[in-house]
Amino acid sequence: MFVLGIETSCDETGVALYDAARGLAQGARPIAGLLAHALHSQIELHDDYGGVVPELASRDHIRRLLPLIEVVMGRAGADVKRLAAVAYTEGPGLAGALLVGASVAASLAFALGIPAIGIHHLEGHLLSPLLAPEPPRFPFVALLVSGGHTQLMRVSALGEYALLGETQDDAAGEAFDKTAKLLGLPYPGGPALAQLARGGQSGRFQLPRPMIASGDLDFSFSGLKTAVLLLTRQQAMDAQARADVARAFEEAVVDVLVAKCIAAIEASGLDRLVVAGGVGANARLRAALDAAGAAGGFGVHYPPLELCTDNGAMIAFAGALRLRQMQDSGSGIEESRKPGGFTVRPRWDLGSLSRA
Ligand code: KG4
Ligand code: ZN
């Protein structure tokens with residue numbers, strides 16, 4: 001049972017083919033179902049502008065998507081006629097970018113007479129750690145840290161997500177990107193800032209740990225960026241100072257994220273933490289969470305590194321799980337097979353999936 005996954009919510013065109021019969025069989029590891037995946041990143045396209053330009057993103061998705069589908073089908077040695085469903089990112093994301101993936105998915109599904117399944121982008125991220133060699137079992141606490149979101153969720157089962165806390169302003173990835181820009185680093189800032197921080201000296205600059213003692217599971221990162229701005233104005237910013245500021249910033253973000261994860265684990269009584277989203281690729285965050293897990297007696301699970309940032313595999317996988325759920329419950333399949341229309345949801349609350 002082959003499910004094609006299409007991701008076009010922002011600046012990566014991602015496509016993957018997932019075999020549910022292989023990956024979702026009793027006792028199988030979910031990663032076994034991932035037959036092929038491919039990604040085209042638009043980083044170079046947006047580099048000159050210091051951030052994603054929505055119209056350019058949409059146009060590039062149009063150029064890349066169909067060839068990428070051919071690449072993936074070719075790598076898997078499979079024909080589209082074998083597809084059981086097409087899953088696509090329905091939201092949240094850039095409206096025009098989402099429309100490219102949604103329209104291709106809906107057309108292909110209509111032509112083949114199979115379901116088109118709209119997937120919540122964050123659900124894709126949330127489930128991606130199940131594609132690790134040692135996948136976690138439900139229930140778990142999930143830390144979603146991407147360019148657009150910073151949330152702690154309790155994940156009880158597929159589609160059962162309860163929000164525990166979230167950022168009140170900037171997302172962690174956004175804070176990385178904005179701070180990187182202040183330090184003159186290219187877009188996207190997260191990996192570049194992490195690289196710069198490696199040569200930085202710990203403790204030279206002090207930055208706040210926003211909301212670390214707020215007693216809840218919420219976050220705030222916009223003040224940190226402002227604190228960095230003040231630092232860069234007060235200091236002569238030679239190469240070493242820039243590295244030291246990067247280091248101070250990264251340590252502050254990591255401290256807050258780790259403290260809130262520990263608090264979420266304690267509050268939930270669960271012993272598994274799953275980390276998803278682009279910032280989950282950060283090596284300092286991973287090391288600190290692993291250490292916290294070892295000390296606190298909870299397991300920490302990540303997706304494979306290449307599936308931390310946006311990708312088609314997580315959408316194909318979430319689509320396969322959703323397809324199986326529809327088949328088991330006997331509901332939703334006819335709905336998803338209806339021709340003639342599709343929706344995208346640029347803004348879409350993940351918690352609403354549980355209420356649906
Ligand atoms: O999940 P993702 O690919 O896209 C969104 O859905 O937002 O996350 C992208 C974010 C960007 O803000 C990027 O700077 C950040 O993840 N990021 C990192 C690292 N790699 C990516 N942040 C810190 N350290 C990294 N190594
Ligand atoms: Zn994402």
# chains A, B, ... in the order shown; residues from 1 in each chain; ligands from 1
>>> residues_near_ligand(ligand="ligand 2", cutoff="9 Å", atoms="only C-alpha atoms and all ligand atoms", output="list of chain:residue names")
A:Ser9, A:Cys10, A:Gly93, A:His121, A:Leu122, A:Gly124, A:His125, A:Val145, A:Ser146, A:Gly147, A:Gly148, A:His149, A:Ala276, A:Gly277, A:Gly278, A:Cys308, A:Thr309, A:Asp310, A:Asn311
>>> residues_around(residues="Ala109 of chain A", least_positions_apart="5", cutoff="8 Å", atoms="only C-alpha atoms", output="count of residues only")
6
>>> residues_around(residues="Gly159 of chain A", least_positions_apart="4", cutoff="10 Å", atoms="only C-alpha atoms", output="ChimeraX atom specification")
/A:123,155,321-322,325,350-356
>>> write_last_selection(atoms="C-alpha atoms", output="PDB file, in the first residue's frame")
ATOM      1  CA  GLU A 123       1.673  16.485  12.887  1.00  0.00           C
ATOM      2  CA  VAL A 155       0.788  13.053  22.438  1.00  0.00           C
ATOM      3  CA  LEU A 321      -1.048   6.376   9.385  1.00  0.00           C
ATOM      4  CA  ARG A 322      -4.092   8.494   8.558  1.00  0.00           C
ATOM      5  CA  GLN A 325      -6.926   4.946  10.568  1.00  0.00           C
ATOM      6  CA  LEU A 350      -2.732  21.530  15.790  1.00  0.00           C
ATOM      7  CA  GLY A 351      -4.951  21.127  18.863  1.00  0.00           C
ATOM      8  CA  SER A 352      -8.022  21.337  16.612  1.00  0.00           C
ATOM      9  CA  LEU A 353      -7.134  17.911  15.170  1.00  0.00           C
ATOM     10  CA  SER A 354      -8.003  16.296  18.499  1.00  0.00           C
ATOM     11  CA  ARG A 355     -11.358  18.033  18.595  1.00  0.00           C
ATOM     12  CA  ALA A 356     -12.210  17.093  15.009  1.00  0.00           C
TER      13      ALA A 356
END
>>> residues_around(residues="Phe342 of chain A", least_positions_apart="2", cutoff="10 Å", atoms="only C-alpha atoms", output="ChimeraX atom specification")
/A:90,99,102-103,105-107,116-118,336,338-340,344
>>> write_last_selection(atoms="all heavy atoms", output="compact mmCIF listing (two decimals), in the first residue's frame")
# COMPACT_ATOMS: atom_id res chain seq x y z
N GLU A 90 -1.43 20.28 4.15
CA GLU A 90 -2.60 21.16 3.96
C GLU A 90 -2.39 22.50 4.67
O GLU A 90 -3.00 23.51 4.36
CB GLU A 90 -3.83 20.44 4.49
CG GLU A 90 -5.13 21.17 4.24
CD GLU A 90 -6.35 20.36 4.68
OE1 GLU A 90 -6.24 19.12 4.77
OE2 GLU A 90 -7.39 20.97 4.96
N LEU A 99 -0.65 25.73 -1.84
CA LEU A 99 -1.56 25.46 -2.97
C LEU A 99 -0.90 24.61 -4.05
O LEU A 99 -1.56 23.82 -4.71
CB LEU A 99 -2.06 26.78 -3.56
CG LEU A 99 -3.24 27.41 -2.83
CD1 LEU A 99 -3.48 28.83 -3.32
CD2 LEU A 99 -4.51 26.57 -3.02
N ALA A 102 -0.99 21.02 -2.76
CA ALA A 102 -2.38 20.56 -2.64
C ALA A 102 -2.99 20.31 -4.01
O ALA A 102 -3.69 19.31 -4.22
CB ALA A 102 -3.20 21.59 -1.87
N SER A 103 -2.71 21.20 -4.97
CA SER A 103 -3.34 21.03 -6.29
C SER A 103 -2.74 19.83 -7.03
O SER A 103 -3.47 19.08 -7.68
CB SER A 103 -3.23 22.31 -7.12
OG SER A 103 -1.89 22.72 -7.22
N ALA A 105 -1.42 17.19 -5.59
CA ALA A 105 -1.90 15.98 -4.88
C ALA A 105 -3.35 15.69 -5.26
O ALA A 105 -3.70 14.54 -5.56
CB ALA A 105 -1.78 16.19 -3.37
N ALA A 106 -4.18 16.72 -5.27
CA ALA A 106 -5.60 16.50 -5.56
C ALA A 106 -5.79 16.02 -7.00
O ALA A 106 -6.61 15.12 -7.26
CB ALA A 106 -6.38 17.79 -5.32
N SER A 107 -5.02 16.59 -7.94
CA SER A 107 -5.16 16.18 -9.35
C SER A 107 -4.73 14.74 -9.55
O SER A 107 -5.41 13.95 -10.20
CB SER A 107 -4.32 17.07 -10.27
OG SER A 107 -4.41 18.40 -9.89
N ALA A 116 -6.96 11.72 -1.51
CA ALA A 116 -5.97 12.76 -1.26
C ALA A 116 -6.12 13.13 0.21
O ALA A 116 -7.22 13.45 0.66
CB ALA A 116 -6.22 13.98 -2.13
N ILE A 117 -5.03 13.03 0.97
CA ILE A 117 -5.13 13.20 2.43
C ILE A 117 -4.35 14.44 2.84
O ILE A 117 -3.12 14.50 2.69
CB ILE A 117 -4.58 11.96 3.16
CG1 ILE A 117 -5.30 10.70 2.66
CG2 ILE A 117 -4.72 12.10 4.67
CD1 ILE A 117 -4.74 9.40 3.22
N GLY A 118 -5.05 15.44 3.35
CA GLY A 118 -4.40 16.67 3.82
C GLY A 118 -3.80 16.44 5.20
O GLY A 118 -4.47 15.97 6.11
N SER A 336 -12.20 11.89 1.32
CA SER A 336 -10.89 12.23 0.77
C SER A 336 -10.77 11.85 -0.70
O SER A 336 -9.80 12.17 -1.35
CB SER A 336 -9.79 11.54 1.59
OG SER A 336 -9.94 10.14 1.50
N LYS A 338 -13.23 12.56 -2.87
CA LYS A 338 -14.13 13.44 -3.62
C LYS A 338 -13.36 14.30 -4.61
O LYS A 338 -12.40 14.94 -4.25
CB LYS A 338 -14.88 14.35 -2.65
CG LYS A 338 -16.22 13.78 -2.26
CD LYS A 338 -17.09 14.88 -1.68
CE LYS A 338 -18.23 14.27 -0.91
NZ LYS A 338 -18.37 14.83 0.41
N PRO A 339 -13.79 14.32 -5.85
CA PRO A 339 -13.10 15.15 -6.84
C PRO A 339 -13.49 16.62 -6.73
O PRO A 339 -14.46 16.96 -6.07
CB PRO A 339 -13.61 14.58 -8.17
CG PRO A 339 -14.97 14.04 -7.85
CD PRO A 339 -14.94 13.58 -6.43
N GLY A 340 -12.71 17.44 -7.39
CA GLY A 340 -13.17 18.79 -7.67
C GLY A 340 -12.81 19.86 -6.67
O GLY A 340 -13.09 21.02 -6.87
N VAL A 344 -6.45 24.54 1.48
CA VAL A 344 -5.20 24.69 2.24
C VAL A 344 -5.55 25.53 3.46
O VAL A 344 -6.52 26.29 3.44
CB VAL A 344 -4.06 25.34 1.43
CG1 VAL A 344 -3.65 24.45 0.28
CG2 VAL A 344 -4.44 26.72 0.93
>>> closest_residue(among="A:Ala295, A:Leu273, A:Ala320, A:Met211", to="Pro129 of chain A", atoms="only C-alpha atoms")
A:Leu273
>>> select_by_dssp(residues="segment 113-340 of chain A", states="strand (DSSP E)", output="ChimeraX atom specification")
/A:116-120,140-145,150-157,160-166,272-276,299-301
>>> closest_residue(among="A:Val245, A:Leu285, A:Leu112, A:Leu270", to="Lys81 of chain A", atoms="only C-alpha atoms")
A:Leu112
